[in-house]
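Chemist: The structure that follows is given in the form of structure tokens.
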Protein chains: 2
Amino acid sequence: IEEQENAYLVSEMESLHSADIAQILYQLNTAESKYIIDLLTAERAADVLSEIEEDLRNEFLKNFTGEELASFMDHMDSDDAADMLNELSVKEREEVLSSMDNRERANYILELLNYDDDCAGGLMAKELVKANVNWTVQRSIEEIRRQAKKVEKIHTLYVVDDYDVLLGRVSLKEMILAEDDTLIRDIYVPEIAMVHTYQDEEEVAELMQKYDLEVIPVINIQGKLLGRITIDDIVDVITEQAEIDQQMMSGISDNIEESDDIATIVKGRLPWLLVGVLGGLINAQFMGLFEDSLAVIPILAVFIPLIAATGGNVGIQSSTLVVQALANSNIQDSNWERFMKVTSVAFINGLLIGGLVFLFVFVFFGELKLSLVVSIALFTVVMIASLMGSITPLVLDKFDINPALASGPFITTTNDLIGIAVYFFVARMLLNI
Amino acid sequence: IEEQENAYLVSEMESLHSADIAQILYQLNTAESKYIIDLLTAERAADVLSEIEEDLRNEFLKNFTGEELASFMDHMDSDDAADMLNELSVKEREEVLSSMDNRERANYILELLNYDDDCAGGLMAKELVKANVNWTVQRSIEEIRRQAKKVEKIHTLYVVDDYDVLLGRVSLKEMILAEDDTLIRDIYVPEIAMVHTYQDEEEVAELMQKYDLEVIPVINIQGKLLGRITIDDIVDVITEQAEIDQQMMSGISDNIEESDDIATIVKGRLPWLLVGVLGGLINAQFMGLFEDSLAVIPILAVFIPLIAATGGNVGIQSSTLVVQALANSNIQDSNWERFMKVTSVAFINGLLIGGLVFLFVFVFFGELKLSLVVSIALFTVVMIASLMGSITPLVLDKFDINPALASGPFITTTNDLIGIAVYFFVARMLLNI
């Protein structure tokens with residue numbers, strides 16, 4: 001397919017969506033990819049590059065000259081272009097920006113480069129259509145016609161005063177429905193959700209989700225309209241946040257992917273593994289104190305995995321429920337009610353599990369006292385692990401640490417330690433060792 | 001605040017967004033909530049009810065008569081209304097539908113009730129604006145003006161033929177930019193993403209994410225345009241899916257929330273706890289075979305939690321990476337490359353952890369053979385757990401089971417069993433017991 005048939009390739013690709021072309025490029029090597037991208041129009045190539053995943057795009061970009069990149073960026077939304085430039089060195093950036101034909105866009109991009117990636121300023125695009133509050137509908141529509149060329153999708157017309165301060169919005173629907181000589185002043189909706197450039201991307205996502213918005217304007221501290229954030233960027237934020245939470249729950253400390261190189265993966269995975277190992281070693285030290293008891297009653301050792309695993313499982317369940325309630329800002333009951341509920345659930349589960357295990361151990365091992373020790377220890381571990389699991393995320397949240405951390409190896413390690421301590425404590429009490 | 005000052009309440013609420021009013025209602029009891037809702041216009045009340053969370057809405061709805069509900073639904077998007085009716089009994093549904101003034105909407109709702117909640121048909125709303133391919137722009141704008149009253153937001157004008165078969169779309173922006181007498185035939189974009197009514201909600205979410213769509217049309221098997229799905233509903237699907245995955249990773253089997261009642265929570269949490277307990281009991285049975293060895297070398301027991309925890313942690317890390325790669329359809333390397341990478345990472349981590357633990361045990365316990373047993377066992381467990389963790393989600397995915405399950409208690413329990421078996425096997429080999 002590769003070498004000759006350009007005409008065929010071009011016609012094939014014309015019928016494809018840019019996202020699909022990006023997908024195809026994933027399967028090719030960088031030289032082949034460049035070959036394909038060179039066949040496309042600059043506009044199409046810009047589209048395809050916006051769709052490619054960040055890590056891989058970085059690889060691709062190395063193969064293009066500053067001028068080639070500049071020609072792509074002339075056709076790209078300012079937010080995508082700024083993201084792409086952020087991956088280049090300062091020198092390369094200068095080169096690309098100075099080679100761009102579209103000076104307005106180059107200025108937009110330059111402005112966006114000032115913002116952090118994970119705040120509203122870093123998410124916004126500069127392209128939007130706005131109208132002065134004193135214009136008529138007709139003048140505004142002319143203005144839209146003029147401005148619209150540089151804007152990919154128009155959601156809403158933003159209404160500003162003479163100083164560019166955001167006052168409200170008019171939807172395109174209302175513009176179409178209104179008479180030509182109506183004043184914008186008379187039809188605009190003043191109440192409008194907006195965010196400041198410095199607001200965190202998660203706050204923006206929460207706001208847009210809460211009010212079901214498709215686009216939200218971004219203002220500076222003086223209320224001046226600077227840009228807009230669209231829901232497709234927010235969908236990416238939400239998906240990424242869910243991935244980070246999942247990784248945190250699995251004890252992966254950096255945001256790594258299966259496709260990263262070996263060193264990166266090792267670095268992302270090792271820290272929490274070492275925490276777990278440290279917990280296990282402390283556990284071993286602690287149990288060393290009971291070596292004599294274990295020599296006398298070796299059967300005690302066989303229930304250690306049961307106690308540790310149950311404590312870990314209960315703790316993770318509890319913390320996940322609290323983490324999700326925190327994420328949904330959905331904590332309706334009072335603290336006391338919640339404490340009672342957590343305790344009741346733990347009590348019921350502890351009783352059921354303890355009872356079941358009592359029967360099992362009594363039937364298979366035939367020792368009443370041992371059965372009692374194991375089941376009482378299990379019941380206690382379930383109660384303590386539930387409380388720990390429910391409280392830890394709340395404490396982490398208070399200290400502005402991502403509470404999802406509490407559902408990971410941290411809680412498992414802690415509960416292992418507590419569980420085994422409880423087990424040996426109960427054994428010592430009941431078996432007089 | 002409650003009892004008298006209606007005028008004050010009404011004016012206060014006029015300045016609030018419906019989502020905020022919904023939030024306030026969460027803090028009131030049902031009688032107070034009904035009082036507030038009665039103060040609102042039917043249109044506003046409909047908006048507020050759409051914003052309220054499902055579980056609580058169910059409670060609220062019980063307080064309203066069928067006629068009251070019908071008046072709300074006259075002002076609600078058909079998809080929200082259908083969701084709400086789905087929570088009522090068949091008899092109540094009939095009552096509400098027959099009391100509705102807006103017959104067209106009642107028919108829409110009736111049609112939507114036929115679809116499952118989690119397919120494209122269940123997500124779509126019937127309200128949309130469409131134009132015949134043979135109309136002019138002017139006629140279409142008139143048509144939009146007529147149709148627009150029933151549609152909250154217009155994204156795109158759908159273009160259909162005489163049989164209502166979807167042909168393509170025209171954006172409002174293009175409509176505004178075009179001359180009045182242009183034919184729709186000449187400006188519409190024929191290539192258009194669409195879904196069938198029976199497609200799964202996750203497929204729809206994936207498609208809309210991939211192509212950055214804000215709205216997608218839904219067609220039936222004949223290609224007839226039936227409705228549309230907007231991105232705000234998809235954002236909810238994505239968030240919910242992330243929650244379900246998290247819960248699966250934590251061993252919670254139903255989609256429960258902290259605010260559910262005690263019985264529901266116990267029911268959602270118990271099954272996987274019992275699986276864990278069963279694993280622990282099997283483990284105990286297995287270790288019972290080694291009771292004699294444990295009696296001779298009781299110190300063996302103290303490293304059991306270390307072995308079990310490390311196996312669990314490594315397994316969960318591996319499976320989470322694979323689960324996320326599956327979710328992003330982002331598996332670029334060949335199976336062989338991936339196998340080599342997983343093995344390399346496991347080898348490095350296993351070596352580091354094994355080495356560290358060897359030193360620790362040798363220093364603190366002073367026994368060379370014991371140190372060797374523990375570190376060799378750990379190394380082996382890390383290797384096996386990595387492979388298990390990487391393969392399990394792929395197998396589950398093949399059988400159409402949510403692979404996130406593999407990051408939960410399932411993998412921990414399995415790895416506990418394997419880890420301890422390896423440990424005792426190595427001990428028996430090296431210590432001749």
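By convention in this document, the chains of the structure tokens carry letters A, B, ... by their order, each chain's residues are numbered from 1, and ligands are numbered from 1 in the order they are shown.
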Please, which residues in region 334-397 of chain B fall within 12 Å of region 241-258 of chain A when counting only C-alpha atoms, and what is the closest atom pair and distance in Å to one decimal for each, ordered by chain then residue number, as JSON lines?

Modeler:
```
{"residue": "B:Glu337", "atom": "CA", "partner": "A:Glu258", "partner_atom": "CA", "distance": 11.2}
{"residue": "B:Arg338", "atom": "CA", "partner": "A:Glu258", "partner_atom": "CA", "distance": 8.3}
{"residue": "B:Phe339", "atom": "CA", "partner": "A:Glu258", "partner_atom": "CA", "distance": 11.0}
{"residue": "B:Lys341", "atom": "CA", "partner": "A:Glu258", "partner_atom": "CA", "distance": 8.9}
{"residue": "B:Val342", "atom": "CA", "partner": "A:Glu258", "partner_atom": "CA", "distance": 8.8}
{"residue": "B:Val345", "atom": "CA", "partner": "A:Glu258", "partner_atom": "CA", "distance": 10.9}
{"residue": "B:Gly389", "atom": "CA", "partner": "A:Ser250", "partner_atom": "CA", "distance": 11.6}
{"residue": "B:Ser390", "atom": "CA", "partner": "A:Glu258", "partner_atom": "CA", "distance": 10.2}
```

Chemist: Residues near Val195 (chain B), anyone? I mean within 9 Å using only C-alpha atoms, not counting same-chain ones fewer than 3 positions away, as a VMD selection string.

Modeler: chain B and resid 120 198 to 199 203 to 204 207 216 to 220

Chemist: Take the residues just selected and output them with N, CA and C atoms as a PDB file, in the first residue's frame.

Modeler:
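What ended up in again_22.pdb:
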```
ATOM      1  N   ALA B 120     -28.818   3.031  23.017  1.00  0.00           N
ATOM      2  CA  ALA B 120     -28.955   4.349  22.401  1.00  0.00           C
ATOM      3  C   ALA B 120     -30.423   4.803  22.420  1.00  0.00           C
ATOM      4  N   TYR B 198     -30.406   0.219  18.959  1.00  0.00           N
ATOM      5  CA  TYR B 198     -30.064  -0.914  19.813  1.00  0.00           C
ATOM      6  C   TYR B 198     -28.624  -0.871  20.316  1.00  0.00           C
ATOM      7  N   GLN B 199     -27.834   0.111  19.861  1.00  0.00           N
ATOM      8  CA  GLN B 199     -26.424   0.117  20.263  1.00  0.00           C
ATOM      9  C   GLN B 199     -26.255   0.447  21.748  1.00  0.00           C
ATOM     10  N   GLU B 203     -20.864   2.121  23.622  1.00  0.00           N
ATOM     11  CA  GLU B 203     -20.459   2.315  22.230  1.00  0.00           C
ATOM     12  C   GLU B 203     -20.734   3.743  21.792  1.00  0.00           C
ATOM     13  N   VAL B 204     -21.915   4.249  22.180  1.00  0.00           N
ATOM     14  CA  VAL B 204     -22.265   5.620  21.810  1.00  0.00           C
ATOM     15  C   VAL B 204     -21.256   6.587  22.418  1.00  0.00           C
ATOM     16  N   LEU B 207     -17.929   6.514  20.557  1.00  0.00           N
ATOM     17  CA  LEU B 207     -18.036   7.176  19.265  1.00  0.00           C
ATOM     18  C   LEU B 207     -18.032   8.684  19.424  1.00  0.00           C
ATOM     19  N   ILE B 216     -25.482  13.327  18.572  1.00  0.00           N
ATOM     20  CA  ILE B 216     -25.420  12.289  17.563  1.00  0.00           C
ATOM     21  C   ILE B 216     -26.846  11.836  17.268  1.00  0.00           C
ATOM     22  N   PRO B 217     -27.194  11.677  15.975  1.00  0.00           N
ATOM     23  CA  PRO B 217     -28.552  11.252  15.646  1.00  0.00           C
ATOM     24  C   PRO B 217     -28.718   9.736  15.825  1.00  0.00           C
ATOM     25  N   VAL B 218     -29.934   9.329  16.158  1.00  0.00           N
ATOM     26  CA  VAL B 218     -30.243   7.917  16.339  1.00  0.00           C
ATOM     27  C   VAL B 218     -31.192   7.486  15.232  1.00  0.00           C
ATOM     28  N   ILE B 219     -30.874   6.395  14.572  1.00  0.00           N
ATOM     29  CA  ILE B 219     -31.715   5.922  13.472  1.00  0.00           C
ATOM     30  C   ILE B 219     -32.199   4.503  13.753  1.00  0.00           C
ATOM     31  N   ASN B 220     -33.241   4.098  13.064  1.00  0.00           N
ATOM     32  CA  ASN B 220     -33.680   2.711  13.188  1.00  0.00           C
ATOM     33  C   ASN B 220     -33.070   1.879  12.057  1.00  0.00           C
TER      34      ASN B 220
END
```

Chemist: When you look at region 61-69 of chain A with a cut-off of 9 Å (counting only C-alpha atoms), what residues show up, excluding the ones that are within fewer than 4 positions of it in the same chain? I need them as a list in words.

Modeler: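 Result of the neighbour search: Thr30, Ala31, Lys34, Ala42, Ala46, Leu56, Arg57, Met73, Asp74, Met84, Leu88, Glu92, Arg93, Glu94, Glu95, Val96, Leu97, Ser98, Ser99 and Met100 of chain A.
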
Chemist: I want to know what sits within 8 Å of Val323 (chain A), based on only C-alpha atoms, with residues of the same chain fewer than 2 positions away left out; could you give that as a PyMOL selection string?

Modeler: chain A and resi 319-321+325-327+393+403-404

Chemist: Could you save the residues just selected, with all heavy atoms, as a PDB file, in the first residue's frame?

Modeler:
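After the write, result_28.pdb holds the following:
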```pdb
ATOM      1  N   SER A 319     -13.686   2.539  51.759  1.00  0.00           N
ATOM      2  CA  SER A 319     -13.102   3.800  51.312  1.00  0.00           C
ATOM      3  C   SER A 319     -13.621   4.180  49.933  1.00  0.00           C
ATOM      4  O   SER A 319     -13.876   5.345  49.668  1.00  0.00           O
ATOM      5  CB  SER A 319     -11.580   3.722  51.317  1.00  0.00           C
ATOM      6  OG  SER A 319     -11.151   2.689  50.481  1.00  0.00           O
ATOM      7  N   THR A 320     -13.842   3.194  49.052  1.00  0.00           N
ATOM      8  CA  THR A 320     -14.357   3.525  47.723  1.00  0.00           C
ATOM      9  C   THR A 320     -15.723   4.199  47.804  1.00  0.00           C
ATOM     10  O   THR A 320     -15.996   5.171  47.099  1.00  0.00           O
ATOM     11  CB  THR A 320     -14.438   2.260  46.847  1.00  0.00           C
ATOM     12  OG1 THR A 320     -13.135   1.716  46.723  1.00  0.00           O
ATOM     13  CG2 THR A 320     -14.966   2.582  45.468  1.00  0.00           C
ATOM     14  N   LEU A 321     -16.598   3.682  48.684  1.00  0.00           N
ATOM     15  CA  LEU A 321     -17.921   4.301  48.819  1.00  0.00           C
ATOM     16  C   LEU A 321     -17.789   5.748  49.278  1.00  0.00           C
ATOM     17  O   LEU A 321     -18.485   6.636  48.778  1.00  0.00           O
ATOM     18  CB  LEU A 321     -18.791   3.515  49.805  1.00  0.00           C
ATOM     19  CG  LEU A 321     -19.303   2.172  49.291  1.00  0.00           C
ATOM     20  CD1 LEU A 321     -20.148   1.487  50.342  1.00  0.00           C
ATOM     21  CD2 LEU A 321     -20.117   2.357  48.022  1.00  0.00           C
ATOM     22  N   ALA A 325     -18.761   9.164  47.213  1.00  0.00           N
ATOM     23  CA  ALA A 325     -19.689  10.141  47.785  1.00  0.00           C
ATOM     24  C   ALA A 325     -19.036  11.526  47.782  1.00  0.00           C
ATOM     25  O   ALA A 325     -19.682  12.528  47.486  1.00  0.00           O
ATOM     26  CB  ALA A 325     -20.091   9.733  49.201  1.00  0.00           C
ATOM     27  N   LEU A 326     -17.744  11.582  48.098  1.00  0.00           N
ATOM     28  CA  LEU A 326     -17.026  12.859  48.064  1.00  0.00           C
ATOM     29  C   LEU A 326     -17.002  13.430  46.643  1.00  0.00           C
ATOM     30  O   LEU A 326     -17.226  14.622  46.444  1.00  0.00           O
ATOM     31  CB  LEU A 326     -15.578  12.679  48.542  1.00  0.00           C
ATOM     32  CG  LEU A 326     -15.319  12.596  50.044  1.00  0.00           C
ATOM     33  CD1 LEU A 326     -13.870  12.212  50.307  1.00  0.00           C
ATOM     34  CD2 LEU A 326     -15.651  13.906  50.740  1.00  0.00           C
ATOM     35  N   ALA A 327     -16.743  12.569  45.652  1.00  0.00           N
ATOM     36  CA  ALA A 327     -16.645  13.027  44.272  1.00  0.00           C
ATOM     37  C   ALA A 327     -17.971  13.591  43.789  1.00  0.00           C
ATOM     38  O   ALA A 327     -18.023  14.549  43.027  1.00  0.00           O
ATOM     39  CB  ALA A 327     -16.198  11.888  43.356  1.00  0.00           C
ATOM     40  N   PRO A 393     -10.267   8.368  53.770  1.00  0.00           N
ATOM     41  CA  PRO A 393     -10.466   9.306  52.653  1.00  0.00           C
ATOM     42  C   PRO A 393     -10.903  10.689  53.121  1.00  0.00           C
ATOM     43  O   PRO A 393     -10.523  11.696  52.512  1.00  0.00           O
ATOM     44  CB  PRO A 393     -11.549   8.647  51.798  1.00  0.00           C
ATOM     45  CG  PRO A 393     -12.057   7.491  52.562  1.00  0.00           C
ATOM     46  CD  PRO A 393     -11.078   7.159  53.620  1.00  0.00           C
ATOM     47  N   PRO A 403      -8.444  11.629  47.646  1.00  0.00           N
ATOM     48  CA  PRO A 403      -8.900  10.574  48.562  1.00  0.00           C
ATOM     49  C   PRO A 403      -8.868   9.175  47.946  1.00  0.00           C
ATOM     50  O   PRO A 403      -8.910   8.183  48.691  1.00  0.00           O
ATOM     51  CB  PRO A 403     -10.328  10.995  48.934  1.00  0.00           C
ATOM     52  CG  PRO A 403     -10.734  11.960  47.883  1.00  0.00           C
ATOM     53  CD  PRO A 403      -9.496  12.605  47.377  1.00  0.00           C
ATOM     54  N   ALA A 404      -8.771   9.095  46.606  1.00  0.00           N
ATOM     55  CA  ALA A 404      -8.731   7.773  45.966  1.00  0.00           C
ATOM     56  C   ALA A 404      -7.515   6.981  46.448  1.00  0.00           C
ATOM     57  O   ALA A 404      -7.491   5.752  46.410  1.00  0.00           O
ATOM     58  CB  ALA A 404      -8.697   7.902  44.450  1.00  0.00           C
TER      59      ALA A 404
END
```

Chemist: Calculated over only C-alpha atoms, which of the candidates B:Asn335, B:Ala385, B:Gln324, B:Leu274 has the smallest distance to Asn402 (chain B)?

Modeler: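 Among the listed residues, the smallest separation from Asn402 (chain B) belongs to B:Gln324.
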
Chemist: For Ser293 (chain B), which residue out of B:Ser407, B:Asn432, B:Thr412, B:Ser89 is the nearest one, using only C-alpha atoms?

Modeler: B:Asn432

Chemist: Residues within 12 Å of Arg228 (chain B), please, as an NGL selection string. Count only C-alpha atoms; anything in the same chain fewer than 6 positions from it doesn't count.

Modeler: :B and (77-79 or 112 or 120-130 or 151 or 153-158 or 166 or 193-197 or 204 or 213-220 or 234)

Chemist: Counting only C-alpha atoms, figure out which residue out of B:Thr310, B:Ser334, B:Ser371, B:Thr413 gets nearest to Met383 (chain B).

Modeler: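 The answer is B:Thr310, which sits nearest to Met383 (chain B).
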
Chemist: For a quick check of understanding, using only C-alpha atoms, which of A:Lys224, A:Lys369, A:His17, A:Arg139 has the smallest distance to chain B?

Modeler: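 Among the listed residues, A:His17 lies closest to chain B.
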
Chemist: Need to verify the contact set: region 22-26 of chain A, 6 Å, only C-alpha atoms, exclusion of same-chain residues closer than 4 positions in sequence. Can you return it as number ranges by chain?

Modeler: A: 33, 48, 52

Chemist: Store the residues picked out above, limited to C-alpha atoms, as a PDB file, in the first residue's frame.

Modeler:
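Contents of out-v1.pdb, as written:
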```pdb
ATOM      1  CA  SER A  33       3.215   8.454   9.066  1.00  0.00           C
ATOM      2  CA  VAL A  48      -5.348  14.616  12.241  1.00  0.00           C
ATOM      3  CA  ILE A  52      -3.326  11.875  17.837  1.00  0.00           C
TER       4      ILE A  52
END
```

Chemist: Mind pulling up the distance from CA of Gly168 (chain A) to CA of Ser140 (chain A)?

Modeler: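 Computing it gives 14.4 Å between the two atoms.
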
Chemist: Write out as a PyMOL selection string all residues of region 181-396 of chain A that backbone DSSP assigns to helix (DSSP H, G or I).

Modeler: chain A and resi 184-187+201-210+231-249+262-288+291-296+298-327+335-365+368-396

Chemist: With only C-alpha atoms as the atoms that count, which of B:Ala45, B:Met429, B:Leu225, B:Leu289 lies nearest to chain A?

Modeler: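 For chain A, the nearest of the given residues is B:Leu289.
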